[in-house]
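Below is one structure, written out as structure tokens; the observations come after it.
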Amino acid sequence: MNQCQEPGHGEEQEEVTGLVCQEDHLKDGQMKEVTVGDQKVLLVRTRGQYSAVGSQCSHYNAPLVKGALVGDRVRCPFHGACFNVRTGDIEEYPGLDCLPSYKVKVEDGNVYVSINKKSLKLTKRVKEMCSLVPGIQHTIVLIGGGPASLVCAETLRQNCYQGRIIMVTKDTLPPFDKPKLSKAMNLDSSSILLRSSEFYQQYGIEVWTHKEVVSVNPTEKVVKLNDGILQHYDQLLISTGCRARPLSCPGWDLQGVKLLQSSEDAREIHNSSLGQKAVVIGASFIGMEVASFLSDKAASVAMVGTATYPYEQSLGPEIGKMTMQMLEEQNVKFHMNDRVTEIKGENGKVKAVVLNSGTVLEADVVIAGIGVIPNSDFLAGSEVELDSRKAVIVDKFMRTNMADIFSAGDVTSFPLAIRGDQRVNIGHWQMSQAQGRVAALNMLKKPTQIESVPFFWTVLLGKSIRYTGYGEGYTEIIFKGKVEERKFLAFYIKDEVVVAAASLMFDPAVARLAELMATGQILKKTQAQADDLSWLQM
């Protein structure tokens with residue numbers, strides 16, 4: 001297995017060396033941001049040894065010194081990516097790249113860090129990969145162009161797979177940063193691409209855009225595309241994700257009624273909402289982010305939700321009420337405990353939304369965020385096993401019930417390690433990437449189980465709520481800090497243990513909890529109840 005390679009250190013004169021601290025400055029389990037040349041470096045001491053890596057998370061450049069250090073791993077405080085502090089290798093997602101790692105020397109009680117001048121400005125590095133070798137008669141087809149497919153492809157190349165890799169996506173773009181679509185809807189499509197076209201060429205990864213697989217034949221090991229092409233595979237990954245659930249009320253098909261699925265959708269929603277009356281249906285994570293983004297761009301924003309508060313089931317009524325107040329302060333009008341019965345139009349274009357309560361909301365644009373449906377219809381007749389929601393059933397190795405067919409990402413129903421292998425369907429970006437990696441390793445006969453701890457974030461008006469674990473079925477929430485002051489840590493309790501946590505302005509608590517869960521620790525309700533949270537620093 002190819003490991004990440006450190007940048008070559010070269011001759012002494014090609015290095016910049018800095019005295020960064022005294023040897024006794026850091027204790028085991030401590031880290032500090034230092035500067036060498038003009039480069040910020042994360043200096044870490046674990047088990048009596050110093051190591052130095054890049055200081056910024058390779059995902060969105062968050063300062064890792066504010067994260068959680070557990071053993072030889074630092075977890076980003078913002079979105080949960082993890083890096084080995086000795087090698088810089090990425091060990092948990094989101095993000096794709098490793099950190100640069102630097103030479104450390106301890107001499108006469110002083111700690112020195114050396115950086116190769118050529119890599120002085122680099123904040124991340126691509127893991128070493130091989131490419132396609134012509135003549136190798138082996139093909140892996142990846143259905144879907146999301147994070148699971150991309151990480152699967154990269155992991156295959158990182159582990160010296162030299163056969164053909166074909167990624168098939170119905171999107172107009174190669175893999176892109178989809179979580180940004182609901183948070184910043186006016187981004188140029190080129191700015192959200194996860195990899196450049198040159199990257200795919202360099203590593204021999206074929207990306208077929210504008211194409212859709214319409215059927216799978218496991219007996220013949222063939223997939224059929226919407227243009228009639230039949231493509232053979234030796235191994236197959238189903239990572240088609242989910243699609244936005246459409247409205248079913250009268251008027252759902254009027255011009256101006258939108259779903260958010262692609263970068264084109266995001267731009268359309270943004271452009272058609274400027275100075276107009278927007279109605280968002282569904283107080284979901286997507287719906288709330290869209291309402292937040294449009295709050296200072298549309299003439300008015302109305303939100304329709306079926307519960308009393310947004311996120312009432314997932315995060316609880318206290319946090320839901322707080323987020324509602326945040327958006328109300330930006331003039332978003334909420335219509336909760338209500339639902340849409342009809343969308344009225346004029347000349348084929350939306351004009352008003354009629355609610356069950358009798359309220360009529362004027363509307364120029366309507367955006368629905370009412371849940372998702374797994375993209376698995378094309379598997380009809382394939383004998384690939386689906387659950388009652390039409391999600392693809394996999395084991396811990398991301399294998400389906402059919403030989404050489406794997407599945408990863410939002411389309412899967414998989415055993416969640418932290419919940420005793422309870423079968424779940426989780427639509428988190430980070431989990432999709434982790435599953436793509438696990439699928440690739442198992443394709444290569446390197447037995448690896450999915451053990452990642454779910455980590456999720458949502459952004460409202462520039463404030464991030466972070467979440468880790470799996471809270472379904474929780475019976476109690478224990479709060480630290482004050483929700484009404486918008487600075488809190490919430491523990492979700494089920495059967496006397498902490499099954500999940502959420503926070504706002506309480507970093508790096510959720511990142512640390514995720515690491516404790518990842519190491520298999522059971523966190524008891526009594527720990528969450530204690531005034532002393534020093535156990536969180538362990």
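Please note that chains go A, B, ... in the order of the structure tokens, that every chain numbers its residues from 1, and that ligands are numbered from 1 in the order shown.
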At most 9 Å is the cut-off: for each residue in region 251-338 of chain A with any atom that close to an atom of region 481-505 of chain A, write down the nearest atom pair and the distance in Å rounded to one decimal, counting only C-alpha atoms, chain first then increasing number, as a tab-separated table.
residue	atom	partner	partner_atom	distance
A:Leu315	CA	A:Ala502	CA	7.6
A:Glu318	CA	A:Val483	CA	7.0
A:Ile319	CA	A:Val483	CA	6.6
A:Lys321	CA	A:Glu484	CA	8.9
A:Met322	CA	A:Glu484	CA	6.4
In region 427-494 of chain A, what's helix (DSSP H, G or I) per DSSP? Answer as number ranges by chain?
-> A: 429-443, 483-485
> Hey, what's within 12 Å of Ala514 (chain A) if we count only C-alpha atoms and toss same-chain stuff fewer than 4 positions away? As a VMD selection string, please?
Replying inline: chain A and resid 67 to 70 73 to 82 92 418 451 to 456 466 to 470 498 to 502 508 to 510 518 to 523 536
Write out, as a CSV table (one decimal), in the first residue's frame, the residues just selected, with N, CA and C atoms.
chain,number,residue,atom,x,y,z
A,67,GLY,N,-8.3,22.4,17.2
A,67,GLY,CA,-9.0,21.1,17.1
A,67,GLY,C,-8.8,20.2,18.3
A,68,ALA,N,-9.1,18.9,18.1
A,68,ALA,CA,-8.9,17.9,19.2
A,68,ALA,C,-7.8,17.0,18.9
A,69,LEU,N,-6.8,16.9,19.8
A,69,LEU,CA,-5.7,15.9,19.6
A,69,LEU,C,-6.0,14.7,20.5
A,70,VAL,N,-6.1,13.6,19.9
A,70,VAL,CA,-6.3,12.3,20.7
A,70,VAL,C,-5.3,11.3,20.1
A,73,ARG,N,-3.6,11.6,16.5
A,73,ARG,CA,-4.5,12.1,15.5
A,73,ARG,C,-5.1,13.4,15.9
A,74,VAL,N,-5.1,14.4,15.0
A,74,VAL,CA,-5.8,15.7,15.3
A,74,VAL,C,-7.0,15.8,14.5
A,75,ARG,N,-8.1,16.2,15.1
A,75,ARG,CA,-9.4,16.3,14.4
A,75,ARG,C,-9.7,17.8,14.2
A,76,CYS,N,-10.1,18.2,13.0
A,76,CYS,CA,-10.4,19.6,12.7
A,76,CYS,C,-11.6,20.0,13.6
A,77,PRO,N,-11.6,21.2,14.2
A,77,PRO,CA,-12.7,21.6,15.0
A,77,PRO,C,-14.0,22.0,14.2
A,78,PHE,N,-13.8,22.3,12.9
A,78,PHE,CA,-15.0,22.8,12.2
A,78,PHE,C,-15.8,21.7,11.6
A,79,HIS,N,-15.2,20.8,10.8
A,79,HIS,CA,-16.0,19.8,10.1
A,79,HIS,C,-15.5,18.3,10.3
A,80,GLY,N,-14.6,18.1,11.2
A,80,GLY,CA,-14.3,16.8,11.7
A,80,GLY,C,-13.2,16.0,10.9
A,81,ALA,N,-12.5,16.6,9.9
A,81,ALA,CA,-11.5,15.8,9.2
A,81,ALA,C,-10.4,15.5,10.2
A,82,CYS,N,-9.7,14.3,10.0
A,82,CYS,CA,-8.6,13.9,10.9
A,82,CYS,C,-7.3,13.6,10.2
A,92,GLU,N,-9.6,10.7,8.3
A,92,GLU,CA,-11.0,10.8,8.4
A,92,GLU,C,-11.4,12.1,7.6
A,418,ILE,N,-20.9,2.6,15.9
A,418,ILE,CA,-21.1,3.2,17.2
A,418,ILE,C,-22.5,2.9,17.8
A,451,GLU,N,-16.1,2.2,10.1
A,451,GLU,CA,-16.1,2.4,11.5
A,451,GLU,C,-16.2,3.9,11.8
A,452,SER,N,-16.4,4.7,10.8
A,452,SER,CA,-16.4,6.2,11.0
A,452,SER,C,-17.6,6.6,11.9
A,453,VAL,N,-17.3,7.7,12.6
A,453,VAL,CA,-18.3,8.3,13.5
A,453,VAL,C,-19.0,9.4,12.7
A,454,PRO,N,-20.3,9.5,12.6
A,454,PRO,CA,-20.9,10.5,11.8
A,454,PRO,C,-20.6,11.9,12.3
A,455,PHE,N,-20.3,12.8,11.4
A,455,PHE,CA,-20.0,14.2,11.7
A,455,PHE,C,-20.7,15.1,10.7
A,456,PHE,N,-21.4,16.1,11.1
A,456,PHE,CA,-22.2,16.9,10.3
A,456,PHE,C,-22.2,18.4,10.7
A,466,ARG,N,-22.4,22.3,14.8
A,466,ARG,CA,-21.7,21.1,14.5
A,466,ARG,C,-22.4,19.9,15.2
A,467,TYR,N,-22.3,18.7,14.7
A,467,TYR,CA,-23.1,17.6,15.2
A,467,TYR,C,-22.3,16.3,15.0
A,468,THR,N,-22.2,15.5,16.0
A,468,THR,CA,-21.6,14.2,15.8
A,468,THR,C,-22.4,13.1,16.5
A,469,GLY,N,-22.2,11.8,16.0
A,469,GLY,CA,-22.9,10.7,16.6
A,469,GLY,C,-24.2,10.4,15.8
A,470,TYR,N,-25.1,9.7,16.4
A,470,TYR,CA,-26.3,9.3,15.8
A,470,TYR,C,-27.4,9.3,16.9
A,498,VAL,N,-24.5,8.8,26.1
A,498,VAL,CA,-24.5,9.9,25.1
A,498,VAL,C,-24.4,9.3,23.7
A,499,VAL,N,-25.4,9.5,22.9
A,499,VAL,CA,-25.4,8.9,21.5
A,499,VAL,C,-25.0,9.9,20.5
A,500,ALA,N,-25.1,11.2,20.8
A,500,ALA,CA,-24.8,12.3,19.9
A,500,ALA,C,-24.6,13.6,20.6
A,501,ALA,N,-24.0,14.6,19.9
A,501,ALA,CA,-23.8,15.9,20.5
A,501,ALA,C,-23.9,16.9,19.4
A,502,ALA,N,-24.3,18.1,19.8
A,502,ALA,CA,-24.4,19.3,18.9
A,502,ALA,C,-23.9,20.5,19.6
A,508,PRO,N,-13.5,23.0,20.8
A,508,PRO,CA,-13.7,21.9,19.9
A,508,PRO,C,-14.4,20.7,20.5
A,509,ALA,N,-15.5,21.0,21.3
A,509,ALA,CA,-16.1,20.0,22.1
A,509,ALA,C,-16.7,18.8,21.2
A,510,VAL,N,-17.3,19.2,20.1
A,510,VAL,CA,-17.9,18.1,19.2
A,510,VAL,C,-16.9,17.3,18.6
A,518,ALA,N,-14.9,7.6,18.4
A,518,ALA,CA,-14.1,6.8,17.4
A,518,ALA,C,-13.1,5.8,18.1
A,519,THR,N,-12.7,6.1,19.3
A,519,THR,CA,-11.8,5.2,20.0
A,519,THR,C,-12.6,4.2,20.8
A,520,GLY,N,-13.9,4.2,20.7
A,520,GLY,CA,-14.8,3.2,21.3
A,520,GLY,C,-15.2,3.5,22.7
A,521,GLN,N,-15.0,4.7,23.2
A,521,GLN,CA,-15.4,5.0,24.5
A,521,GLN,C,-16.9,5.2,24.6
A,522,ILE,N,-17.5,4.6,25.7
A,522,ILE,CA,-18.9,4.8,26.0
A,522,ILE,C,-19.0,6.0,26.9
A,523,LEU,N,-19.7,7.0,26.5
A,523,LEU,CA,-19.8,8.3,27.3
A,523,LEU,C,-21.2,8.2,28.1
A,536,LEU,N,-13.7,15.9,28.9
A,536,LEU,CA,-13.7,16.2,27.5
A,536,LEU,C,-12.3,16.6,27.0
Can you tell me how far CA of Lys446 (chain A) sits from CA of Met398 (chain A), in Å to one decimal?
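Rounded to one decimal, the two atoms are 12.4 Å apart.
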Just the residues within 10 Å of His232 (chain A), please, counting only C-alpha atoms, with nothing from its chain fewer than 5 positions along; format it as a JSON list (two decimals) with C-alpha atoms, in the first residue's frame.
[["chain", "number", "residue", "atom", "x", "y", "z"],
["A", 138, "HIS", "CA", -9.64, -5.00, -15.46],
["A", 139, "THR", "CA", -12.32, -2.31, -15.20],
["A", 140, "ILE", "CA", -13.98, -0.76, -12.16],
["A", 141, "VAL", "CA", -17.13, 1.25, -12.90],
["A", 217, "ASN", "CA", -26.83, -7.00, -15.19],
["A", 220, "GLU", "CA", -23.11, -10.56, -17.49],
["A", 221, "LYS", "CA", -21.26, -7.88, -15.43],
["A", 222, "VAL", "CA", -22.60, -5.15, -17.68],
["A", 223, "VAL", "CA", -24.23, -1.76, -17.07],
["A", 224, "LYS", "CA", -26.48, -0.14, -19.68]]
Could you find all residues in region 75-207 of chain A that DSSP calls strand (DSSP E) from the backbone, and write them as a PDB file with C-alpha atoms, in the first residue's frame?
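See out.pdb below for the written result:
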ATOM      1  CA  ARG A  75      -9.402  16.321  14.390  1.00  0.00           C
ATOM      2  CA  CYS A  82      -8.642  13.893  10.950  1.00  0.00           C
ATOM      3  CA  PHE A  83      -4.916  13.791  10.258  1.00  0.00           C
ATOM      4  CA  ASN A  84      -2.060  11.684  11.572  1.00  0.00           C
ATOM      5  CA  ILE A  90      -5.679  12.179   6.171  1.00  0.00           C
ATOM      6  CA  GLU A  91      -7.454   9.497   8.226  1.00  0.00           C
ATOM      7  CA  GLU A  92     -11.020  10.818   8.356  1.00  0.00           C
ATOM      8  CA  SER A 101       4.937  16.888   7.218  1.00  0.00           C
ATOM      9  CA  TYR A 102       8.219  18.469   8.290  1.00  0.00           C
ATOM     10  CA  LYS A 103      11.541  17.408   9.793  1.00  0.00           C
ATOM     11  CA  VAL A 104      11.877  17.953  13.542  1.00  0.00           C
ATOM     12  CA  LYS A 105      15.171  17.917  15.401  1.00  0.00           C
ATOM     13  CA  VAL A 106      15.674  18.232  19.160  1.00  0.00           C
ATOM     14  CA  GLU A 107      19.160  19.471  20.063  1.00  0.00           C
ATOM     15  CA  ASN A 110      15.769  23.189  21.687  1.00  0.00           C
ATOM     16  CA  VAL A 111      13.217  22.067  19.089  1.00  0.00           C
ATOM     17  CA  TYR A 112      13.947  22.887  15.433  1.00  0.00           C
ATOM     18  CA  VAL A 113      11.608  22.443  12.440  1.00  0.00           C
ATOM     19  CA  SER A 114      12.955  22.358   8.877  1.00  0.00           C
ATOM     20  CA  ILE A 115      10.934  22.958   5.714  1.00  0.00           C
ATOM     21  CA  ASN A 116      12.067  22.411   2.144  1.00  0.00           C
ATOM     22  CA  THR A 139     -12.320  -2.312 -15.199  1.00  0.00           C
ATOM     23  CA  ILE A 140     -13.980  -0.759 -12.162  1.00  0.00           C
ATOM     24  CA  VAL A 141     -17.127   1.248 -12.900  1.00  0.00           C
ATOM     25  CA  LEU A 142     -18.297   3.851 -10.378  1.00  0.00           C
ATOM     26  CA  ILE A 143     -21.951   4.849 -10.827  1.00  0.00           C
ATOM     27  CA  ARG A 164      -9.426   1.171 -15.864  1.00  0.00           C
ATOM     28  CA  ILE A 165     -11.614   3.412 -13.668  1.00  0.00           C
ATOM     29  CA  ILE A 166     -14.800   4.834 -15.190  1.00  0.00           C
ATOM     30  CA  MET A 167     -16.972   7.257 -13.226  1.00  0.00           C
ATOM     31  CA  VAL A 168     -20.453   7.732 -14.721  1.00  0.00           C
ATOM     32  CA  ILE A 205      -9.712   8.361 -14.074  1.00  0.00           C
ATOM     33  CA  GLU A 206     -12.360   8.572 -16.798  1.00  0.00           C
ATOM     34  CA  VAL A 207     -15.277  10.845 -15.888  1.00  0.00           C
TER      35      VAL A 207
END
Subject >> Test item: residues at most 12 Å from Lys40 (chain A), only C-alpha atoms, excluding those fewer than 3 positions along its chain, as number ranges by chain >> reply: A: 18, 20, 32-37, 43, 52-56, 61, 63-65, 100, 102, 113, 115, 120-123
* Asked: Pick from A:Gly381, A:Gly320, A:Pro94, A:Gly204: nearest to Pro218 (chain A), with only C-alpha atoms counted?
  ->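 Result for the nearest residue to Pro218 (chain A): A:Gly381.
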Residue contacts of Asp387 (chain A) (10 Å, only C-alpha atoms) excluding same-chain residues fewer than 2 positions away, as a CSV table (one decimal) with N, CA, C and O atoms, in the first residue's frame:
chain,number,residue,atom,x,y,z
A,385,GLU,N,-30.1,-6.1,-3.3
A,385,GLU,CA,-31.0,-6.0,-2.3
A,385,GLU,C,-31.2,-4.6,-1.8
A,385,GLU,O,-30.2,-3.9,-1.5
A,389,ARG,N,-36.9,1.7,2.2
A,389,ARG,CA,-36.8,3.0,1.7
A,389,ARG,C,-36.2,3.1,0.3
A,389,ARG,O,-35.9,4.1,-0.3
A,390,LYS,N,-35.8,1.9,-0.2
A,390,LYS,CA,-35.1,1.7,-1.5
A,390,LYS,C,-33.7,2.1,-1.4
A,390,LYS,O,-33.0,2.4,-2.4
A,391,ALA,N,-33.1,2.1,-0.2
A,391,ALA,CA,-31.6,2.2,-0.1
A,391,ALA,C,-31.0,0.9,-0.3
A,391,ALA,O,-31.6,-0.2,0.0
A,392,VAL,N,-29.7,0.9,-0.8
A,392,VAL,CA,-29.0,-0.3,-1.1
A,392,VAL,C,-28.4,-0.9,0.2
A,392,VAL,O,-27.7,-0.2,0.9
A,393,ILE,N,-28.7,-2.1,0.5
A,393,ILE,CA,-28.2,-2.8,1.7
A,393,ILE,C,-26.8,-3.3,1.5
A,393,ILE,O,-26.5,-4.0,0.6
A,412,THR,N,-26.9,4.2,0.5
A,412,THR,CA,-26.7,2.9,1.2
A,412,THR,C,-27.5,2.9,2.5
A,412,THR,O,-27.8,3.9,3.2
A,413,SER,N,-27.8,1.7,3.0
A,413,SER,CA,-28.2,1.3,4.3
A,413,SER,C,-27.1,0.5,4.9
A,413,SER,O,-26.9,-0.6,4.3
A,423,ARG,N,-28.6,-0.9,11.5
A,423,ARG,CA,-28.6,-0.5,10.0
A,423,ARG,C,-29.2,0.9,9.9
A,423,ARG,O,-30.3,1.1,10.4
The distance between CA of Leu150 (chain A) and CA of Glu128 (chain A) is 15.4 Å
Got a sec: who's within 8 Å of Pro174 (chain A), counting only C-alpha atoms, leaving out chain neighbours fewer than 5 positions off, as a count of residues only? 5
